>>> print(open('input.pdb').read())   # PDB, C-alpha atoms
ATOM      1  CA  ALA S   1     -56.194 -25.169  36.156
ATOM      2  CA  ILE S   2     -57.882 -26.431  39.319
ATOM      3  CA  TYR S   3     -54.715 -28.282  40.338
ATOM      4  CA  TRP S   4     -52.643 -25.078  40.179
ATOM      5  CA  TYR S   5     -55.305 -22.957  41.838
ATOM      6  CA  LYS S   6     -55.410 -25.458  44.711
ATOM      7  CA  LYS S   7     -51.622 -25.319  45.001
ATOM      8  CA  ALA S   8     -51.781 -21.517  45.160
ATOM      9  CA  SER S   9     -54.727 -21.674  47.561
ATOM     10  CA  ASP S  10     -52.665 -23.864  49.884
ATOM     11  CA  GLN S  11     -50.207 -20.955  49.983
ATOM     12  CA  ASN S  12     -53.085 -18.647  51.049
ATOM     13  CA  ASN S  13     -53.377 -16.976  47.643
ATOM     14  CA  SER S  14     -56.749 -15.216  47.898
ATOM     15  CA  LEU S  15     -57.112 -14.734  44.142
ATOM     16  CA  ALA S  16     -56.703 -18.484  43.565
ATOM     17  CA  GLN S  17     -59.213 -19.154  46.344
ATOM     18  CA  HIS S  18     -61.667 -16.756  44.728
ATOM     19  CA  TYR S  19     -61.274 -18.435  41.334
ATOM     20  CA  LEU S  20     -61.813 -21.857  42.905
ATOM     21  CA  GLY S  21     -64.982 -20.525  44.543
ATOM     22  CA  HIS S  22     -66.166 -19.290  41.167
ATOM     23  CA  ILE S  23     -65.299 -22.530  39.358
ATOM     24  CA  TYR S  24     -67.133 -24.623  41.947
ATOM     25  CA  GLN S  25     -70.110 -22.272  41.837
ATOM     26  CA  SER S  26     -70.656 -21.976  38.120
ATOM     27  CA  GLU S  27     -68.481 -24.108  35.845
ATOM     28  CA  PRO S  28     -70.422 -26.988  34.261
ATOM     29  CA  GLY S  29     -69.144 -30.330  35.480
ATOM     30  CA  PHE S  30     -67.391 -28.804  38.499
ATOM     31  CA  GLU S  31     -70.332 -27.419  40.496
ATOM     32  CA  ASN S  32     -69.932 -28.086  44.206
ATOM     33  CA  ILE S  33     -71.458 -25.383  46.348
ATOM     34  CA  PHE S  34     -69.784 -26.635  49.530
ATOM     35  CA  ASP S  35     -66.347 -26.247  47.956
ATOM     36  CA  SER S  36     -67.411 -22.934  46.429
ATOM     37  CA  LEU S  37     -68.427 -21.505  49.801
ATOM     38  CA  HIS S  38     -65.281 -22.900  51.407
ATOM     39  CA  TYR S  39     -62.981 -21.128  48.943
ATOM     40  CA  TYR S  40     -65.006 -17.905  48.842
ATOM     41  CA  LYS S  41     -64.852 -17.729  52.650
ATOM     42  CA  LYS S  42     -61.097 -18.401  52.696
ATOM     43  CA  ALA S  43     -60.519 -15.556  50.226
ATOM     44  CA  ALA S  44     -63.054 -13.273  51.946
ATOM     45  CA  GLU S  45     -61.375 -13.750  55.309
ATOM     46  CA  GLN S  46     -58.183 -12.462  53.662
ATOM     47  CA  ASN S  47     -60.099  -9.324  52.577
ATOM     48  CA  TYR S  48     -60.541 -10.304  48.937
ATOM     49  CA  SER S  49     -63.471  -8.040  48.052
ATOM     50  CA  GLY S  50     -64.708 -10.116  45.093
ATOM     51  CA  SER S  51     -65.315 -13.093  47.367
ATOM     52  CA  GLN S  52     -66.852 -10.887  50.045
ATOM     53  CA  PHE S  53     -69.241  -9.498  47.436
ATOM     54  CA  ASN S  54     -70.100 -12.961  46.075
ATOM     55  CA  LEU S  55     -70.865 -14.242  49.564
ATOM     56  CA  GLY S  56     -73.104 -11.220  50.125
ATOM     57  CA  VAL S  57     -75.015 -12.001  46.935
ATOM     58  CA  LEU S  58     -75.420 -15.678  47.848
ATOM     59  CA  TYR S  59     -76.794 -14.819  51.300
ATOM     60  CA  GLU S  60     -78.971 -11.968  50.029
ATOM     61  CA  ASN S  61     -80.590 -14.156  47.382
ATOM     62  CA  GLY S  62     -80.656 -17.360  49.398
ATOM     63  CA  GLU S  63     -78.739 -19.031  46.606
ATOM     64  CA  TYR S  64     -77.274 -22.364  47.790
ATOM     65  CA  VAL S  65     -77.591 -21.140  51.384
ATOM     66  CA  GLU S  66     -80.508 -20.102  53.555
ATOM     67  CA  ARG S  67     -81.402 -16.465  52.877
ATOM     68  CA  ASP S  68     -79.811 -14.347  55.585
ATOM     69  CA  VAL S  69     -79.905 -10.598  55.045
ATOM     70  CA  SER S  70     -77.770  -9.929  58.145
ATOM     71  CA  GLU S  71     -75.047 -12.218  56.807
ATOM     72  CA  ALA S  72     -75.344 -10.570  53.373
ATOM     73  CA  ILE S  73     -74.908  -7.142  54.983
ATOM     74  CA  LYS S  74     -71.847  -8.368  56.884
ATOM     75  CA  TRP S  75     -70.120  -9.483  53.659
ATOM     76  CA  PHE S  76     -71.268  -6.488  51.605
ATOM     77  CA  LEU S  77     -69.932  -4.122  54.296
ATOM     78  CA  LYS S  78     -66.533  -5.817  54.208
ATOM     79  CA  ALA S  79     -66.454  -5.636  50.404
ATOM     80  CA  ALA S  80     -67.560  -1.984  50.429
ATOM     81  CA  GLN S  81     -64.841  -1.152  52.952
ATOM     82  CA  ASN S  82     -62.413  -2.701  50.473
ATOM     83  CA  GLY S  83     -63.647  -0.373  47.727
ATOM     84  CA  ASP S  84     -66.243  -2.564  45.998
ATOM     85  CA  ARG S  85     -68.825  -0.156  44.550
ATOM     86  CA  ASP S  86     -71.231  -2.981  43.664
ATOM     87  CA  ALA S  87     -71.313  -3.934  47.339
ATOM     88  CA  SER S  88     -72.096  -0.311  48.280
ATOM     89  CA  PHE S  89     -74.914  -0.302  45.730
ATOM     90  CA  ASP S  90     -76.376  -3.558  47.056
ATOM     91  CA  LEU S  91     -76.166  -2.229  50.612
ATOM     92  CA  GLY S  92     -78.080   0.829  49.425
ATOM     93  CA  LEU S  93     -80.765  -1.405  47.918
ATOM     94  CA  ILE S  94     -81.055  -3.414  51.131
ATOM     95  CA  LYS S  95     -81.321  -0.240  53.228
ATOM     96  CA  ARG S  96     -83.909   1.181  50.818
ATOM     97  CA  TYR S  97     -86.142  -1.819  50.152
ATOM     98  CA  GLU S  98     -85.617  -4.542  52.793
ATOM     99  CA  PRO S  99     -88.373  -3.949  55.402
ATOM    100  CA  GLN S 100     -86.362  -5.111  58.434
ATOM    101  CA  GLU S 101     -83.283  -3.117  57.420
ATOM    102  CA  MET S 102     -84.913   0.007  55.974
ATOM    103  CA  ASN S 103     -82.935   3.163  56.701
ATOM    104  CA  LEU S 104     -83.089   5.826  53.994
ATOM    105  CA  VAL S 105     -80.246   7.887  55.455
ATOM    106  CA  GLU S 106     -77.916   4.894  55.281
ATOM    107  CA  ALA S 107     -79.251   3.999  51.827
ATOM    108  CA  LEU S 108     -78.290   7.493  50.618
ATOM    109  CA  GLU S 109     -74.797   7.130  52.095
ATOM    110  CA  PHE S 110     -74.239   3.792  50.353
ATOM    111  CA  PHE S 111     -75.594   5.045  47.016
ATOM    112  CA  MET S 112     -73.453   8.196  47.238
ATOM    113  CA  ALA S 113     -70.379   6.015  47.752
ATOM    114  CA  CYS S 114     -70.994   4.684  44.227
ATOM    115  CA  GLU S 115     -69.706   7.949  42.671
ATOM    116  CA  ASN S 116     -71.249   8.727  39.281
ATOM    117  CA  ASP S 117     -73.052   5.403  39.007
ATOM    118  CA  ILE S 118     -76.203   5.948  36.948
ATOM    119  CA  LEU S 119     -78.295   3.419  38.861
ATOM    120  CA  ALA S 120     -77.144   4.792  42.218
ATOM    121  CA  HIS S 121     -78.009   8.344  41.128
ATOM    122  CA  HIS S 122     -81.421   7.123  40.024
ATOM    123  CA  GLU S 123     -82.035   5.574  43.460
ATOM    124  CA  ILE S 124     -80.855   8.778  45.171
ATOM    125  CA  GLY S 125     -83.229  10.760  42.970
ATOM    126  CA  LEU S 126     -86.112   8.484  43.916
ATOM    127  CA  ILE S 127     -85.350   8.787  47.626
ATOM    128  CA  TYR S 128     -85.331  12.597  47.441
ATOM    129  CA  PHE S 129     -88.404  12.634  45.192
ATOM    130  CA  GLU S 130     -90.433  10.408  47.539
ATOM    131  CA  GLY S 131     -88.944  11.421  50.880
ATOM    132  CA  GLY S 132     -89.490   9.219  53.883
ATOM    133  CA  LYS S 133     -88.347   8.589  57.408
ATOM    134  CA  ASP S 134     -85.496  11.011  58.197
ATOM    135  CA  VAL S 135     -85.267  12.190  54.564
ATOM    136  CA  THR S 136     -87.196  15.281  53.558
ATOM    137  CA  LYS S 137     -88.738  15.400  50.099
ATOM    138  CA  ASN S 138     -86.569  17.575  47.917
ATOM    139  CA  LYS S 139     -87.706  17.659  44.310
ATOM    140  CA  LYS S 140     -84.847  19.952  43.255
ATOM    141  CA  LYS S 141     -82.244  17.482  44.527
ATOM    142  CA  ALA S 142     -84.236  14.638  42.969
ATOM    143  CA  LEU S 143     -84.252  16.363  39.581
ATOM    144  CA  ASP S 144     -80.523  17.110  39.864
ATOM    145  CA  TYR S 145     -79.814  13.417  40.372
ATOM    146  CA  PHE S 146     -82.205  12.360  37.602
ATOM    147  CA  PHE S 147     -80.538  14.877  35.292
ATOM    148  CA  SER S 148     -77.097  13.513  36.175
ATOM    149  CA  CYS S 149     -78.360  10.087  35.043
ATOM    150  CA  LEU S 150     -79.265  11.553  31.656
ATOM    151  CA  VAL S 151     -75.920  13.316  31.339
ATOM    152  CA  ASN S 152     -74.041  10.124  32.228
ATOM    153  CA  VAL S 153     -76.103   8.026  29.799
ATOM    154  CA  SER S 154     -75.543  10.455  26.928
ATOM    155  CA  SER S 155     -71.804  10.728  27.677
ATOM    156  CA  GLU S 156     -71.577   6.899  27.649
ATOM    157  CA  LYS S 157     -73.267   6.814  24.232
ATOM    158  CA  ASN S 158     -70.740   9.321  22.844
ATOM    159  CA  LYS S 159     -67.682   7.299  23.850
TER     160      LYS S 159
END
>>> encode(input="input.pdb", output="structure tokens")
Amino acid sequence: AIYWYKKASDQNNSLAQHYLGHIYQSEPGFENIFDSLHYYKKAAEQNYSGSQFNLGVLYENGEYVERDVSEAIKWFLKAAQNGDRDASFDLGLIKRYEPQEMNLVEALEFFMACENDILAHHEIGLIYFEGGKDVTKNKKKALDYFFSCLVNVSSEKNK
């Protein structure tokens, strides 16, 4: 499979580049983080959101690279702009919990972009429940978001 993915990658196929990044990151016997980063970056530079998200995670966690929250934000923003809800959620977490990046208004915006995501609604509820810089405590809004989590959980169970 690697042979064909490399052939496709040579033709600038971003999906093949993403898969090569994944193989070199996590497949036993093929791990090579330098190749993984190389292929993720090639795909990410072609706006492949999965690779943009993966690069954000690697930089956020300091996995195989030096931890760099600014670099993580850069890749998460690109992925979010390409419709990746997980990237929006992670941006919300960074803006909520990372001391140097804390901005509750932006955190709310990123969590709200996750439309009907239970975890995002929970975070929104917590922000309104606790309040903070530039966000007024609003227990009614908090309870509305907490309730929406319960509704979404029970509707998932009934599927």
>>> closest_atom_pairs(input="input.pdb", of="region 1-112 of chain S", to="region 125-129 of chain S", cutoff="10 Å", atoms="only C-alpha atoms", output="JSON lines")
{"residue": "S:Arg96", "atom": "CA", "partner": "S:Ile127", "partner_atom": "CA", "distance": 8.4}
{"residue": "S:Leu104", "atom": "CA", "partner": "S:Ile127", "partner_atom": "CA", "distance": 7.4}
{"residue": "S:Val105", "atom": "CA", "partner": "S:Ile127", "partner_atom": "CA", "distance": 9.4}
{"residue": "S:Ala107", "atom": "CA", "partner": "S:Ile127", "partner_atom": "CA", "distance": 8.8}
{"residue": "S:Leu108", "atom": "CA", "partner": "S:Ile127", "partner_atom": "CA", "distance": 7.8}
>>> closest_atom_pairs(input="input.pdb", of="region 52-97 of chain S", to="region 14-26 of chain S", cutoff="10 Å", atoms="only C-alpha atoms", output="Markdown table")
| residue | atom | partner | partner_atom | distance |
| --- | --- | --- | --- | --- |
| S:Gln52 | CA | S:His18 | CA | 9.5 |
| S:Asn54 | CA | S:His22 | CA | 8.9 |
| S:Leu55 | CA | S:Gly21 | CA | 10.0 |
| S:Tyr64 | CA | S:Gln25 | CA | 9.3 |
>>> write_last_selection(input="input.pdb", atoms="C-alpha atoms", output="mmCIF file, in the frame of the given file")
data_model
loop_
_atom_site.group_PDB
_atom_site.id
_atom_site.type_symbol
_atom_site.label_atom_id
_atom_site.label_comp_id
_atom_site.auth_asym_id
_atom_site.auth_seq_id
_atom_site.Cartn_x
_atom_site.Cartn_y
_atom_site.Cartn_z
ATOM 1 C CA GLN S 52 -66.852 -10.887 50.045
ATOM 2 C CA ASN S 54 -70.100 -12.961 46.075
ATOM 3 C CA LEU S 55 -70.865 -14.242 49.564
ATOM 4 C CA TYR S 64 -77.274 -22.364 47.790
#
>>> residues_around(input="input.pdb", residues="region 72-79 of chain S", least_positions_apart="6", cutoff="7 Å", atoms="only C-alpha atoms", output="number ranges by chain")
S: 49, 52-53, 55-57, 59-60, 87, 91
>>> atom_distance(input="input.pdb", atom1="CA of Ile118 (chain S)", atom2="CA of Ala43 (chain S)")
29.7 Å
>>> atom_distance(input="input.pdb", atom1="CA of Met112 (chain S)", atom2="CA of Asp68 (chain S)")
24.9 Å
>>> resolve_selection(input="input.pdb", expression="the PyMOL selection byres ((chain S and resi 12) around 12)", output="list of chain:residue names")
S:Tyr5, S:Lys6, S:Lys7, S:Ala8, S:Ser9, S:Asp10, S:Gln11, S:Asn13, S:Ser14, S:Leu15, S:Ala16, S:Gln17, S:His18, S:Tyr39, S:Lys41, S:Lys42, S:Ala43, S:Ala44, S:Glu45, S:Gln46, S:Asn47, S:Tyr48
>>> atom_distance(input="input.pdb", atom1="CA of Gly92 (chain S)", atom2="CA of Glu123 (chain S)")
8.6 Å
>>> closest_residue(input="input.pdb", among="S:Val135, S:Cys149, S:Ala142, S:Ile94", to="Asp117 (chain S)", atoms="all atoms listed in the file")
S:Cys149
>>> resolve_selection(input="input.pdb", expression="the PyMOL selection byres ((chain S and resi 148) around 10)", output="PyMOL selection string")
chain S and resi 116-118+121-122+125+142-147+149-154
>>> closest_residue(input="input.pdb", among="S:Glu63, S:Phe110, S:Pro99, S:Leu58", to="Gln81 (chain S)", atoms="only C-alpha atoms")
S:Phe110
>>> closest_residue(input="input.pdb", among="S:Ser70, S:Asn82, S:Ser36, S:Asn138", to="Glu98 (chain S)", atoms="only C-alpha atoms")
S:Ser70
>>> build_atoms(input="input.pdb", residues="region 71-89 of chain S", atoms="N, CA, C and O atoms", output="PDB file, in the frame of the given file")
ATOM      1  N   GLU S  71     -76.316 -11.663  57.284  1.00  0.00           N
ATOM      2  CA  GLU S  71     -75.047 -12.218  56.807  1.00  0.00           C
ATOM      3  C   GLU S  71     -74.638 -11.541  55.490  1.00  0.00           C
ATOM      4  O   GLU S  71     -73.463 -11.250  55.261  1.00  0.00           O
ATOM      5  N   ALA S  72     -75.618 -11.275  54.633  1.00  0.00           N
ATOM      6  CA  ALA S  72     -75.344 -10.570  53.373  1.00  0.00           C
ATOM      7  C   ALA S  72     -74.764  -9.184  53.678  1.00  0.00           C
ATOM      8  O   ALA S  72     -73.761  -8.779  53.078  1.00  0.00           O
ATOM      9  N   ILE S  73     -75.383  -8.478  54.615  1.00  0.00           N
ATOM     10  CA  ILE S  73     -74.908  -7.142  54.983  1.00  0.00           C
ATOM     11  C   ILE S  73     -73.476  -7.220  55.503  1.00  0.00           C
ATOM     12  O   ILE S  73     -72.626  -6.392  55.147  1.00  0.00           O
ATOM     13  N   LYS S  74     -73.200  -8.207  56.338  1.00  0.00           N
ATOM     14  CA  LYS S  74     -71.847  -8.368  56.884  1.00  0.00           C
ATOM     15  C   LYS S  74     -70.821  -8.464  55.755  1.00  0.00           C
ATOM     16  O   LYS S  74     -69.804  -7.760  55.777  1.00  0.00           O
ATOM     17  N   TRP S  75     -71.088  -9.304  54.751  1.00  0.00           N
ATOM     18  CA  TRP S  75     -70.120  -9.483  53.659  1.00  0.00           C
ATOM     19  C   TRP S  75     -70.085  -8.280  52.728  1.00  0.00           C
ATOM     20  O   TRP S  75     -69.016  -7.877  52.265  1.00  0.00           O
ATOM     21  N   PHE S  76     -71.250  -7.683  52.448  1.00  0.00           N
ATOM     22  CA  PHE S  76     -71.268  -6.488  51.605  1.00  0.00           C
ATOM     23  C   PHE S  76     -70.505  -5.342  52.270  1.00  0.00           C
ATOM     24  O   PHE S  76     -69.791  -4.596  51.598  1.00  0.00           O
ATOM     25  N   LEU S  77     -70.657  -5.181  53.588  1.00  0.00           N
ATOM     26  CA  LEU S  77     -69.932  -4.122  54.296  1.00  0.00           C
ATOM     27  C   LEU S  77     -68.426  -4.317  54.172  1.00  0.00           C
ATOM     28  O   LEU S  77     -67.685  -3.359  53.933  1.00  0.00           O
ATOM     29  N   LYS S  78     -67.974  -5.544  54.338  1.00  0.00           N
ATOM     30  CA  LYS S  78     -66.533  -5.817  54.208  1.00  0.00           C
ATOM     31  C   LYS S  78     -66.058  -5.495  52.789  1.00  0.00           C
ATOM     32  O   LYS S  78     -65.011  -4.873  52.611  1.00  0.00           O
ATOM     33  N   ALA S  79     -66.836  -5.910  51.796  1.00  0.00           N
ATOM     34  CA  ALA S  79     -66.454  -5.636  50.404  1.00  0.00           C
ATOM     35  C   ALA S  79     -66.455  -4.135  50.133  1.00  0.00           C
ATOM     36  O   ALA S  79     -65.540  -3.607  49.486  1.00  0.00           O
ATOM     37  N   ALA S  80     -67.476  -3.434  50.634  1.00  0.00           N
ATOM     38  CA  ALA S  80     -67.560  -1.984  50.429  1.00  0.00           C
ATOM     39  C   ALA S  80     -66.374  -1.280  51.086  1.00  0.00           C
ATOM     40  O   ALA S  80     -65.803  -0.343  50.520  1.00  0.00           O
ATOM     41  N   GLN S  81     -65.992  -1.743  52.267  1.00  0.00           N
ATOM     42  CA  GLN S  81     -64.841  -1.152  52.952  1.00  0.00           C
ATOM     43  C   GLN S  81     -63.547  -1.401  52.182  1.00  0.00           C
ATOM     44  O   GLN S  81     -62.580  -0.667  52.343  1.00  0.00           O
ATOM     45  N   ASN S  82     -63.564  -2.416  51.332  1.00  0.00           N
ATOM     46  CA  ASN S  82     -62.413  -2.701  50.473  1.00  0.00           C
ATOM     47  C   ASN S  82     -62.569  -2.077  49.094  1.00  0.00           C
ATOM     48  O   ASN S  82     -61.855  -2.439  48.164  1.00  0.00           O
ATOM     49  N   GLY S  83     -63.510  -1.145  48.953  1.00  0.00           N
ATOM     50  CA  GLY S  83     -63.647  -0.373  47.727  1.00  0.00           C
ATOM     51  C   GLY S  83     -64.561  -0.947  46.667  1.00  0.00           C
ATOM     52  O   GLY S  83     -64.587  -0.452  45.544  1.00  0.00           O
ATOM     53  N   ASP S  84     -65.347  -1.954  46.986  1.00  0.00           N
ATOM     54  CA  ASP S  84     -66.243  -2.564  45.998  1.00  0.00           C
ATOM     55  C   ASP S  84     -67.521  -1.736  45.877  1.00  0.00           C
ATOM     56  O   ASP S  84     -68.361  -1.732  46.778  1.00  0.00           O
ATOM     57  N   ARG S  85     -67.658  -1.026  44.757  1.00  0.00           N
ATOM     58  CA  ARG S  85     -68.825  -0.156  44.550  1.00  0.00           C
ATOM     59  C   ARG S  85     -70.114  -0.953  44.389  1.00  0.00           C
ATOM     60  O   ARG S  85     -71.186  -0.496  44.773  1.00  0.00           O
ATOM     61  N   ASP S  86     -70.029  -2.155  43.799  1.00  0.00           N
ATOM     62  CA  ASP S  86     -71.231  -2.981  43.664  1.00  0.00           C
ATOM     63  C   ASP S  86     -71.777  -3.364  45.037  1.00  0.00           C
ATOM     64  O   ASP S  86     -72.994  -3.417  45.230  1.00  0.00           O
ATOM     65  N   ALA S  87     -70.883  -3.613  45.981  1.00  0.00           N
ATOM     66  CA  ALA S  87     -71.313  -3.934  47.339  1.00  0.00           C
ATOM     67  C   ALA S  87     -71.999  -2.727  47.976  1.00  0.00           C
ATOM     68  O   ALA S  87     -73.034  -2.874  48.642  1.00  0.00           O
ATOM     69  N   SER S  88     -71.448  -1.531  47.761  1.00  0.00           N
ATOM     70  CA  SER S  88     -72.096  -0.311  48.280  1.00  0.00           C
ATOM     71  C   SER S  88     -73.486  -0.156  47.687  1.00  0.00           C
ATOM     72  O   SER S  88     -74.440   0.183  48.401  1.00  0.00           O
ATOM     73  N   PHE S  89     -73.612  -0.417  46.394  1.00  0.00           N
ATOM     74  CA  PHE S  89     -74.914  -0.302  45.730  1.00  0.00           C
ATOM     75  C   PHE S  89     -75.902  -1.304  46.327  1.00  0.00           C
ATOM     76  O   PHE S  89     -77.044  -0.948  46.649  1.00  0.00           O
TER      77      PHE S  89
END
